[in-house]
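A short worksheet on the structure shown next.
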Amino acid sequence: MKFIDEYRDERIVRGLATQIANACTRRWVLMEICGGQTHTIMRYGIDEILPSNVELVHGPGCPVCVTPLETIDKAIELASRHDVTLVSYGDMLRVPGSHSDLFQAKAGGGDVRIAYSPMEALKIARRHPDRQIVFLAIGFETTAPANAMAIWQAKREGLKNFSVLVSHVLVPPAIRALMASPENRVQGFIAPGHVCAVMGYEEYESLVQDFEIPIVVGGFEPVDLMEAVLMLAKQLEAGQAQVENQYVRSVNYEGNLPAQRVVREVFEIADQKWRGIGSIPKSGLRLRPEYAAYDASQVFGLEDISVEEPAQCISAQVLRGLKKPTDCPAFAMRCTPENPLGAPMVSSEGACAAYYRYRRHMVGPAESVHG
Ligand code: SF4
């Protein structure tokens, strides 16, 4: 297949659904890790096309959703300083901190700017040597290379007014934490194709061995996801546990080695708090000591803080696949995209936002795959 429409072809999707139904003799619970995959599932009604004995639950792969409340609060604190310009991806601005969000900080006079890449923040730093430019560097392995490159470049140029507030998370340790949990229901994972395009999928081998679960690297279109489900179903029915790659048009075993090199040059692995989930050992990235001058937490002496999630938000269970957004009493009532209580309702990749957009009140059919 060469064109995007072919990956959305209803005839192919329905054919795969028949193969999955024929393959499955019992009930299986599968998790797609990535929020982009969740949105495809909701948008095209993939979960409704699947046989009833295959349940898809949604994982923690939305970078905005898992950025800790404390990081948002620190960003708001920085944005309120008269000498700081806080630069961020746009969807972080509406993510609620413990008392407000970056939009409110901007409305209150803070210099908060939206950028599509950390290189834009570097440009602002070059243009405004009189101001401190802080980039909110969040995300999974996908955004880490660009963030690392910006920091490496800033050091190379000797920029003194650029730093980053880092909250980077890693997928494999999150899968390990999910599998180790006594509450876990997941029997197979669809790994995020874009993360594996950067990192390859070698590091998933130890997970399939340790937990005897199949993992399939999957893409983001309906046919990709249906193929990934079929590959998982075949493995599960055969009692196998291997790493397989459905997304061969973008992913190879080793990944993007130059991108991995620049990440390793700038960052080191560290324990990381995930919003709603808590701390997961060795699941994040922090700046290496050689790059401490670019660590906004150190530059501005930001203290470690600890804040509680709003009690009414059940995102911790949603992000671990234990509950669906529609199980949340606040869903579409007190929590909407216009007035979000939790991050999964804000982000374009959040599971709650996906359900709100495509399954709100379960009224009307989801947009269907087209022929
Ligand atoms: S619907 Fe809102 S309150 Fe409920 S889990 Fe999702 S983000 Fe949290």
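By convention in this document, the chains of the structure tokens carry letters A, B, ... by their order, each chain's residues are numbered from 1, and ligands are numbered from 1 in the order they are shown.
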
Within 8 Å of ligand 1, which residues show up when you count only C-alpha atoms and all ligand atoms? List them as a CSV table (one decimal) with N, CA, C and O atoms, in the first residue's frame, please.
```csv
chain,number,residue,atom,x,y,z
A,312,GLN,N,-11.8,14.3,42.1
A,312,GLN,CA,-12.9,13.8,41.3
A,312,GLN,C,-12.3,13.3,39.9
A,312,GLN,O,-13.1,12.7,39.2
A,313,CYS,N,-11.0,13.5,39.6
A,313,CYS,CA,-10.5,13.0,38.4
A,313,CYS,C,-9.9,11.6,38.5
A,313,CYS,O,-9.1,11.3,39.3
A,314,ILE,N,-10.4,10.7,37.7
A,314,ILE,CA,-10.0,9.3,37.8
A,314,ILE,C,-9.0,8.9,36.7
A,314,ILE,O,-8.8,7.8,36.3
A,315,SER,N,-8.2,10.0,36.3
A,315,SER,CA,-7.3,9.7,35.2
A,315,SER,C,-6.3,8.7,35.5
A,315,SER,O,-5.7,8.0,34.6
A,316,ALA,N,-5.9,8.5,36.8
A,316,ALA,CA,-5.0,7.4,37.1
A,316,ALA,C,-5.4,6.1,36.6
A,316,ALA,O,-4.7,5.3,36.1
A,317,GLN,N,-6.7,5.8,36.8
A,317,GLN,CA,-7.3,4.5,36.3
A,317,GLN,C,-7.4,4.5,34.8
A,317,GLN,O,-7.2,3.5,34.2
A,318,VAL,N,-7.8,5.6,34.3
A,318,VAL,CA,-8.0,5.7,32.8
A,318,VAL,C,-6.6,5.5,32.1
A,318,VAL,O,-6.6,4.7,31.2
A,325,PRO,N,-13.0,6.5,30.1
A,325,PRO,CA,-13.4,7.8,30.4
A,325,PRO,C,-14.9,7.9,30.7
A,325,PRO,O,-15.3,8.7,31.6
A,326,THR,N,-15.7,7.1,30.1
A,326,THR,CA,-17.1,7.2,30.4
A,326,THR,C,-17.5,6.6,31.7
A,326,THR,O,-18.6,6.8,32.2
A,327,ASP,N,-16.5,6.0,32.4
A,327,ASP,CA,-16.8,5.5,33.8
A,327,ASP,C,-16.6,6.7,34.8
A,327,ASP,O,-17.0,6.5,35.9
A,328,CYS,N,-16.0,7.8,34.3
A,328,CYS,CA,-15.8,8.9,35.2
A,328,CYS,C,-17.0,9.7,35.5
A,328,CYS,O,-17.7,10.1,34.5
A,329,PRO,N,-17.4,9.9,36.7
A,329,PRO,CA,-18.7,10.7,37.0
A,329,PRO,C,-18.6,12.1,36.4
A,329,PRO,O,-19.7,12.7,36.2
A,330,ALA,N,-17.4,12.6,36.3
A,330,ALA,CA,-17.3,14.0,35.8
A,330,ALA,C,-17.4,14.1,34.3
A,330,ALA,O,-17.5,15.2,33.7
A,331,PHE,N,-17.2,13.0,33.6
A,331,PHE,CA,-17.1,13.0,32.1
A,331,PHE,C,-18.3,13.7,31.5
A,331,PHE,O,-19.4,13.4,31.7
A,332,ALA,N,-17.9,14.7,30.6
A,332,ALA,CA,-18.9,15.5,29.9
A,332,ALA,C,-20.0,16.2,30.7
A,332,ALA,O,-20.9,16.8,30.1
A,334,ARG,N,-19.1,17.8,34.6
A,334,ARG,CA,-18.2,18.8,35.1
A,334,ARG,C,-16.9,18.9,34.4
A,334,ARG,O,-16.2,19.9,34.5
A,335,CYS,N,-16.6,17.9,33.6
A,335,CYS,CA,-15.3,17.9,32.9
A,335,CYS,C,-15.5,17.9,31.4
A,335,CYS,O,-16.1,16.9,30.8
A,336,THR,N,-15.2,19.0,30.7
A,336,THR,CA,-15.3,19.1,29.2
A,336,THR,C,-14.0,19.7,28.7
A,336,THR,O,-13.2,20.2,29.4
A,340,PRO,N,-11.7,21.6,31.5
A,340,PRO,CA,-11.2,20.3,31.9
A,340,PRO,C,-10.8,20.2,33.4
A,340,PRO,O,-10.2,21.2,33.9
A,341,LEU,N,-11.1,19.1,34.0
A,341,LEU,CA,-10.6,18.9,35.3
A,341,LEU,C,-9.3,18.1,35.3
A,341,LEU,O,-8.5,18.3,36.2
A,342,GLY,N,-9.1,17.3,34.3
A,342,GLY,CA,-7.8,16.6,34.2
A,342,GLY,C,-7.2,16.7,32.8
A,342,GLY,O,-7.9,17.0,31.9
A,343,ALA,N,-5.9,16.4,32.8
A,343,ALA,CA,-5.2,16.5,31.5
A,343,ALA,C,-5.7,15.7,30.4
A,343,ALA,O,-5.7,16.1,29.2
A,344,PRO,N,-6.2,14.4,30.6
A,344,PRO,CA,-6.7,13.6,29.5
A,344,PRO,C,-7.9,14.2,28.7
A,344,PRO,O,-8.2,13.8,27.6
A,345,MET,N,-8.5,15.3,29.3
A,345,MET,CA,-9.6,16.0,28.6
A,345,MET,C,-9.1,17.1,27.8
A,345,MET,O,-9.8,17.7,26.9
A,346,VAL,N,-7.8,17.5,28.1
A,346,VAL,CA,-7.3,18.7,27.4
A,346,VAL,C,-6.6,18.4,26.1
A,346,VAL,O,-6.8,18.9,25.1
A,351,ALA,N,-7.3,10.4,26.2
A,351,ALA,CA,-8.4,9.5,26.0
A,351,ALA,C,-9.7,10.1,26.3
A,351,ALA,O,-10.7,9.8,25.6
A,352,CYS,N,-9.8,11.0,27.3
A,352,CYS,CA,-11.1,11.6,27.7
A,352,CYS,C,-11.5,12.5,26.6
A,352,CYS,O,-12.7,12.6,26.2
A,353,ALA,N,-10.6,13.2,26.0
A,353,ALA,CA,-11.0,14.1,24.9
A,353,ALA,C,-11.5,13.3,23.7
A,353,ALA,O,-12.4,13.7,23.0
```

**Report entry** Polymer residues at most 12 Å from Gly239 (chain A), only C-alpha atoms, same-chain spacing of 6 or more positions, as a list in words
**Finding:**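 Here the answer would be Gln187, Gly188, Glu212, Ile213, Pro214, Leu232 and Ala233 of chain A.
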
Using the selection just defined, write its residues with all heavy atoms as a compact mmCIF listing (two decimals), in the first residue's frame.
```txt
# COMPACT_ATOMS: atom_id res chain seq x y z
N GLN A 187 -3.31 -8.08 28.38
CA GLN A 187 -2.67 -9.35 27.97
C GLN A 187 -1.79 -9.19 26.73
O GLN A 187 -1.08 -10.11 26.33
CB GLN A 187 -3.76 -10.39 27.70
CG GLN A 187 -4.52 -10.76 28.96
CD GLN A 187 -5.88 -11.35 28.64
OE1 GLN A 187 -6.74 -10.70 28.05
NE2 GLN A 187 -6.08 -12.60 29.00
N GLY A 188 -1.85 -8.02 26.10
CA GLY A 188 -1.01 -7.75 24.94
C GLY A 188 -0.99 -6.26 24.66
O GLY A 188 -1.97 -5.56 24.94
N GLU A 212 5.92 -12.53 29.67
CA GLU A 212 5.28 -13.47 28.73
C GLU A 212 4.03 -12.86 28.11
O GLU A 212 2.94 -13.46 28.11
CB GLU A 212 4.97 -14.80 29.43
CG GLU A 212 6.25 -15.50 29.87
CD GLU A 212 6.00 -16.83 30.55
OE1 GLU A 212 4.85 -17.13 30.85
OE2 GLU A 212 6.98 -17.55 30.79
N ILE A 213 4.21 -11.64 27.61
CA ILE A 213 3.10 -10.97 26.91
C ILE A 213 3.58 -10.61 25.50
O ILE A 213 4.74 -10.23 25.31
CB ILE A 213 2.69 -9.65 27.59
CG1 ILE A 213 3.94 -8.90 28.09
CG2 ILE A 213 1.65 -9.83 28.66
CD1 ILE A 213 3.89 -7.45 27.88
N PRO A 214 2.72 -10.72 24.51
CA PRO A 214 3.10 -10.27 23.18
C PRO A 214 3.02 -8.74 23.06
O PRO A 214 2.16 -8.11 23.68
CB PRO A 214 2.06 -10.93 22.27
CG PRO A 214 0.87 -11.15 23.14
CD PRO A 214 1.38 -11.33 24.54
N LEU A 232 -1.52 -9.70 17.51
CA LEU A 232 -1.56 -10.02 18.95
C LEU A 232 -2.48 -11.22 19.20
O LEU A 232 -2.13 -12.13 19.98
CB LEU A 232 -2.07 -8.81 19.74
CG LEU A 232 -1.08 -7.65 19.91
CD1 LEU A 232 -1.78 -6.44 20.51
CD2 LEU A 232 0.10 -8.05 20.79
N ALA A 233 -3.65 -11.22 18.54
CA ALA A 233 -4.61 -12.31 18.76
C ALA A 233 -4.00 -13.65 18.36
O ALA A 233 -4.15 -14.65 19.08
CB ALA A 233 -5.89 -12.04 17.97
```

Requested in this report: May I have the residues within 12 Å of Val223 (chain A) as a list in words, using only C-alpha atoms and disregarding those fewer than 6 positions away in the same chain?
Outcome: Met1, Ile4, Asp5, Glu6, Tyr7, Arg8, Asp9, Glu10, Arg11, Ile12, Val13, Arg14, Gly15, Leu16, Ala17, Gln37, Thr40, Ile41, Tyr44, Ile46, Ile49, Val229, Leu230, Gln246, Tyr247, Val369 and His370 of chain A

Report task. Enumerate, as a PyMOL selection string, the complete set of residues in region 193-236 of chain A that a backbone-based DSSP assignment places in helix (DSSP H, G or I). Result -> chain A and resi 193-199+202-211+222-236

Report task. Would you please give, as a VMD selection string, all residues of region 166-337 of chain A that DSSP assigns to strand (DSSP E) based on the backbone? Result -> chain A and resid 166 to 169 188 to 192 215 to 218 243 to 245 267 to 274 278 to 287

Proximity of region 113-152 of chain A to region 271-293 of chain A: per-residue shortest pair, 10 Å limit, only C-alpha atoms, as a tab-separated table:
```
residue	atom	partner	partner_atom	distance
A:Ile138	CA	A:Leu285	CA	9.9
A:Gly139	CA	A:Gly284	CA	9.7
A:Phe140	CA	A:Gly284	CA	8.6
A:Glu141	CA	A:Leu285	CA	9.3
A:Ala144	CA	A:Leu285	CA	8.6
A:Ala148	CA	A:Leu287	CA	8.9
A:Ile151	CA	A:Tyr291	CA	7.8
A:Trp152	CA	A:Tyr291	CA	8.3
```

Output file for the residues above (C-alpha atoms, as an mmCIF file, in the first residue's frame):
```cif
data_model
loop_
_atom_site.group_PDB
_atom_site.id
_atom_site.type_symbol
_atom_site.label_atom_id
_atom_site.label_comp_id
_atom_site.auth_asym_id
_atom_site.auth_seq_id
_atom_site.Cartn_x
_atom_site.Cartn_y
_atom_site.Cartn_z
ATOM 1 C CA ILE A 138 7.940 17.479 27.610
ATOM 2 C CA GLY A 139 7.103 14.280 25.801
ATOM 3 C CA PHE A 140 8.034 10.699 25.074
ATOM 4 C CA GLU A 141 11.057 9.402 23.177
ATOM 5 C CA ALA A 144 13.518 13.913 23.113
ATOM 6 C CA ALA A 148 18.315 17.322 23.109
ATOM 7 C CA ILE A 151 20.114 22.051 24.322
ATOM 8 C CA TRP A 152 23.257 20.755 22.596
#
```

Which polymer residues have any atom within 12 Å of an atom of Gly158 (chain A), counting only C-alpha atoms, with same-chain residues fewer than 3 positions away left out, as an mmCIF file with all heavy atoms, in the first residue's frame?
```
data_model
loop_
_atom_site.group_PDB
_atom_site.id
_atom_site.type_symbol
_atom_site.label_atom_id
_atom_site.label_comp_id
_atom_site.auth_asym_id
_atom_site.auth_seq_id
_atom_site.Cartn_x
_atom_site.Cartn_y
_atom_site.Cartn_z
ATOM 1 N N LEU A 122 14.931 28.528 20.785
ATOM 2 C CA LEU A 122 16.332 28.960 20.632
ATOM 3 C C LEU A 122 16.418 30.270 19.857
ATOM 4 O O LEU A 122 17.196 31.160 20.193
ATOM 5 C CB LEU A 122 17.119 27.892 19.868
ATOM 6 C CG LEU A 122 17.936 26.864 20.619
ATOM 7 C CD1 LEU A 122 18.811 26.088 19.650
ATOM 8 C CD2 LEU A 122 18.798 27.518 21.694
ATOM 9 N N ALA A 125 15.596 33.066 22.006
ATOM 10 C CA ALA A 125 16.711 33.357 22.922
ATOM 11 C C ALA A 125 17.796 34.188 22.227
ATOM 12 O O ALA A 125 18.362 35.111 22.812
ATOM 13 C CB ALA A 125 17.292 32.046 23.454
ATOM 14 N N ARG A 126 18.066 33.856 20.964
ATOM 15 C CA ARG A 126 19.094 34.627 20.238
ATOM 16 C C ARG A 126 18.642 36.067 20.020
ATOM 17 O O ARG A 126 19.431 36.999 20.085
ATOM 18 C CB ARG A 126 19.385 33.974 18.879
ATOM 19 C CG ARG A 126 20.082 32.637 18.976
ATOM 20 C CD ARG A 126 20.440 32.124 17.581
ATOM 21 N NE ARG A 126 20.731 30.703 17.606
ATOM 22 C CZ ARG A 126 19.963 29.750 17.064
ATOM 23 N NH1 ARG A 126 18.840 30.072 16.421
ATOM 24 N NH2 ARG A 126 20.310 28.491 17.141
ATOM 25 N N PRO A 129 18.513 38.626 23.972
ATOM 26 C CA PRO A 129 19.533 38.258 24.966
ATOM 27 C C PRO A 129 19.274 38.861 26.344
ATOM 28 O O PRO A 129 19.874 38.424 27.336
ATOM 29 C CB PRO A 129 20.831 38.819 24.348
ATOM 30 C CG PRO A 129 20.406 39.835 23.353
ATOM 31 C CD PRO A 129 19.061 39.428 22.861
ATOM 32 N N ILE A 151 19.249 21.812 23.154
ATOM 33 C CA ILE A 151 20.114 22.051 24.322
ATOM 34 C C ILE A 151 21.590 21.943 23.898
ATOM 35 O O ILE A 151 22.428 22.762 24.294
ATOM 36 C CB ILE A 151 19.767 21.031 25.442
ATOM 37 C CG1 ILE A 151 18.324 21.256 25.899
ATOM 38 C CG2 ILE A 151 20.733 21.161 26.607
ATOM 39 C CD1 ILE A 151 17.678 20.038 26.556
ATOM 40 N N TRP A 152 21.887 20.933 23.098
ATOM 41 C CA TRP A 152 23.257 20.755 22.596
ATOM 42 C C TRP A 152 23.689 21.996 21.805
ATOM 43 O O TRP A 152 24.808 22.497 21.978
ATOM 44 C CB TRP A 152 23.288 19.514 21.709
ATOM 45 C CG TRP A 152 24.631 19.196 21.119
ATOM 46 C CD1 TRP A 152 25.637 18.492 21.700
ATOM 47 C CD2 TRP A 152 25.104 19.585 19.824
ATOM 48 N NE1 TRP A 152 26.703 18.409 20.855
ATOM 49 C CE2 TRP A 152 26.409 19.066 19.696
ATOM 50 C CE3 TRP A 152 24.562 20.305 18.776
ATOM 51 C CZ2 TRP A 152 27.184 19.272 18.545
ATOM 52 C CZ3 TRP A 152 25.327 20.508 17.628
ATOM 53 C CH2 TRP A 152 26.610 19.984 17.526
ATOM 54 N N GLN A 153 22.787 22.491 20.968
ATOM 55 C CA GLN A 153 23.087 23.674 20.151
ATOM 56 C C GLN A 153 23.294 24.913 21.036
ATOM 57 O O GLN A 153 24.192 25.712 20.796
ATOM 58 C CB GLN A 153 21.935 23.911 19.162
ATOM 59 C CG GLN A 153 22.136 25.053 18.188
ATOM 60 C CD GLN A 153 23.222 24.774 17.158
ATOM 61 O OE1 GLN A 153 23.526 23.611 16.887
ATOM 62 N NE2 GLN A 153 23.821 25.823 16.638
ATOM 63 N N ALA A 154 22.452 25.059 22.056
ATOM 64 C CA ALA A 154 22.579 26.207 22.962
ATOM 65 C C ALA A 154 23.942 26.185 23.652
ATOM 66 O O ALA A 154 24.608 27.229 23.780
ATOM 67 C CB ALA A 154 21.464 26.170 24.006
ATOM 68 N N LYS A 155 24.387 25.000 24.061
ATOM 69 C CA LYS A 155 25.703 24.892 24.714
ATOM 70 C C LYS A 155 26.809 25.225 23.716
ATOM 71 O O LYS A 155 27.770 25.937 24.054
ATOM 72 C CB LYS A 155 25.882 23.479 25.281
ATOM 73 C CG LYS A 155 27.159 23.342 26.084
ATOM 74 C CD LYS A 155 27.302 21.979 26.719
ATOM 75 C CE LYS A 155 28.561 21.971 27.591
ATOM 76 N NZ LYS A 155 28.896 20.644 28.066
ATOM 77 N N ASN A 161 21.074 32.533 28.044
ATOM 78 C CA ASN A 161 19.703 32.902 28.433
ATOM 79 C C ASN A 161 18.682 31.869 27.955
ATOM 80 O O ASN A 161 17.527 32.202 27.728
ATOM 81 C CB ASN A 161 19.336 34.281 27.861
ATOM 82 C CG ASN A 161 19.300 34.271 26.342
ATOM 83 O OD1 ASN A 161 20.056 33.547 25.695
ATOM 84 N ND2 ASN A 161 18.410 35.073 25.774
ATOM 85 N N PHE A 162 19.115 30.620 27.785
ATOM 86 C CA PHE A 162 18.207 29.570 27.335
ATOM 87 C C PHE A 162 18.279 28.398 28.306
ATOM 88 O O PHE A 162 19.378 27.974 28.700
ATOM 89 C CB PHE A 162 18.594 29.097 25.930
ATOM 90 C CG PHE A 162 17.757 27.950 25.423
ATOM 91 C CD1 PHE A 162 16.497 28.171 24.891
ATOM 92 C CD2 PHE A 162 18.221 26.640 25.486
ATOM 93 C CE1 PHE A 162 15.711 27.116 24.438
ATOM 94 C CE2 PHE A 162 17.450 25.577 25.027
ATOM 95 C CZ PHE A 162 16.192 25.822 24.495
ATOM 96 N N SER A 163 17.125 27.896 28.701
ATOM 97 C CA SER A 163 17.100 26.693 29.543
ATOM 98 C C SER A 163 15.800 25.936 29.276
ATOM 99 O O SER A 163 14.918 26.421 28.567
ATOM 100 C CB SER A 163 17.218 27.051 31.035
ATOM 101 O OG SER A 163 16.171 27.905 31.420
ATOM 102 N N TYR A 291 25.188 19.464 31.382
ATOM 103 C CA TYR A 291 24.201 20.394 30.811
ATOM 104 C C TYR A 291 23.374 21.085 31.896
ATOM 105 O O TYR A 291 22.321 21.636 31.618
ATOM 106 C CB TYR A 291 23.297 19.653 29.816
ATOM 107 C CG TYR A 291 24.031 19.253 28.555
ATOM 108 C CD1 TYR A 291 24.705 18.038 28.485
ATOM 109 C CD2 TYR A 291 24.097 20.111 27.456
ATOM 110 C CE1 TYR A 291 25.420 17.672 27.344
ATOM 111 C CE2 TYR A 291 24.800 19.760 26.318
ATOM 112 C CZ TYR A 291 25.453 18.539 26.272
ATOM 113 O OH TYR A 291 26.167 18.200 25.137
ATOM 114 N N ALA A 293 23.661 23.813 33.323
ATOM 115 C CA ALA A 293 23.436 25.250 33.105
ATOM 116 C C ALA A 293 22.192 25.501 32.256
ATOM 117 O O ALA A 293 21.727 26.650 32.164
ATOM 118 C CB ALA A 293 24.657 25.866 32.413
ATOM 119 N N TYR A 294 21.645 24.435 31.670
ATOM 120 C CA TYR A 294 20.447 24.576 30.824
ATOM 121 C C TYR A 294 19.208 23.978 31.489
ATOM 122 O O TYR A 294 18.160 23.865 30.859
ATOM 123 C CB TYR A 294 20.701 23.939 29.445
ATOM 124 C CG TYR A 294 21.867 24.617 28.776
ATOM 125 C CD1 TYR A 294 23.165 24.129 28.961
ATOM 126 C CD2 TYR A 294 21.684 25.794 28.065
ATOM 127 C CE1 TYR A 294 24.251 24.796 28.420
ATOM 128 C CE2 TYR A 294 22.757 26.465 27.519
ATOM 129 C CZ TYR A 294 24.037 25.964 27.702
ATOM 130 O OH TYR A 294 25.105 26.648 27.180
#
```

Query raised in the report: Leaving out Gly59 (chain A) and any residue of its chain fewer than 5 positions from it, which residues lie within 12 Å of it when counting only C-alpha atoms, given as a ChimeraX atom specification?
Result: /A:30-39,65-66,171,174-175,177-179,184-186,188-192,277,315-325,344,349-352

Query raised in the report: Using only C-alpha atoms, which of the listed residues (A:Leu56, A:Met226, A:Val248, A:Leu93) sits closest to Gly200 (chain A)?
Result: A:Val248

**Report entry** Given only C-alpha atoms as the counted atoms, nearest of A:Ile72, A:Val134, A:Ala107, A:Leu78 to Met92 (chain A)
**Finding:**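 Ranking A:Ile72, A:Val134, A:Ala107, A:Leu78 by distance to Met92 (chain A), first place goes to A:Ile72.
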
Report task. Work out how far CA of Tyr358 (chain A) is from CA of Met42 (chain A), in Å to one decimal. Result -> 6.1 Å

Query raised in the report: What does the distance between CA of Glu308 (chain A) and CA of Asn147 (chain A) come to in Å, to one decimal place?
Result: 28.1 Å

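Nearest residue to Val216 (chain A), choosing from A:Leu86, A:Val263, A:Cys196, A:Ile269 and counting only C-alpha atoms: A:Cys196.
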
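Counting only C-alpha atoms, the residue from A:Arg94, A:Arg131, A:Arg359, A:Lys234 that sits nearest to Trp28 (chain A) is A:Lys234.
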
Query raised in the report: Hey, which of A:Leu257, A:Val243, A:Leu165, A:Ala270 ends up closest to Glu203 (chain A)? Count only C-alpha atoms.
Result: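 For Glu203 (chain A), the nearest of the candidates is A:Val243.
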
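What separates CA of Gly193 (chain A) from CA of Asp210 (chain A) is a distance of 21.8 Å.
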
Report task. Could you check which of A:Asn252, A:Ser80, A:Gln209, A:Thr142 is closest to Gly61 (chain A), using only C-alpha atoms? Result ->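 Answer, going by the shortest atom-to-atom distance: A:Thr142.
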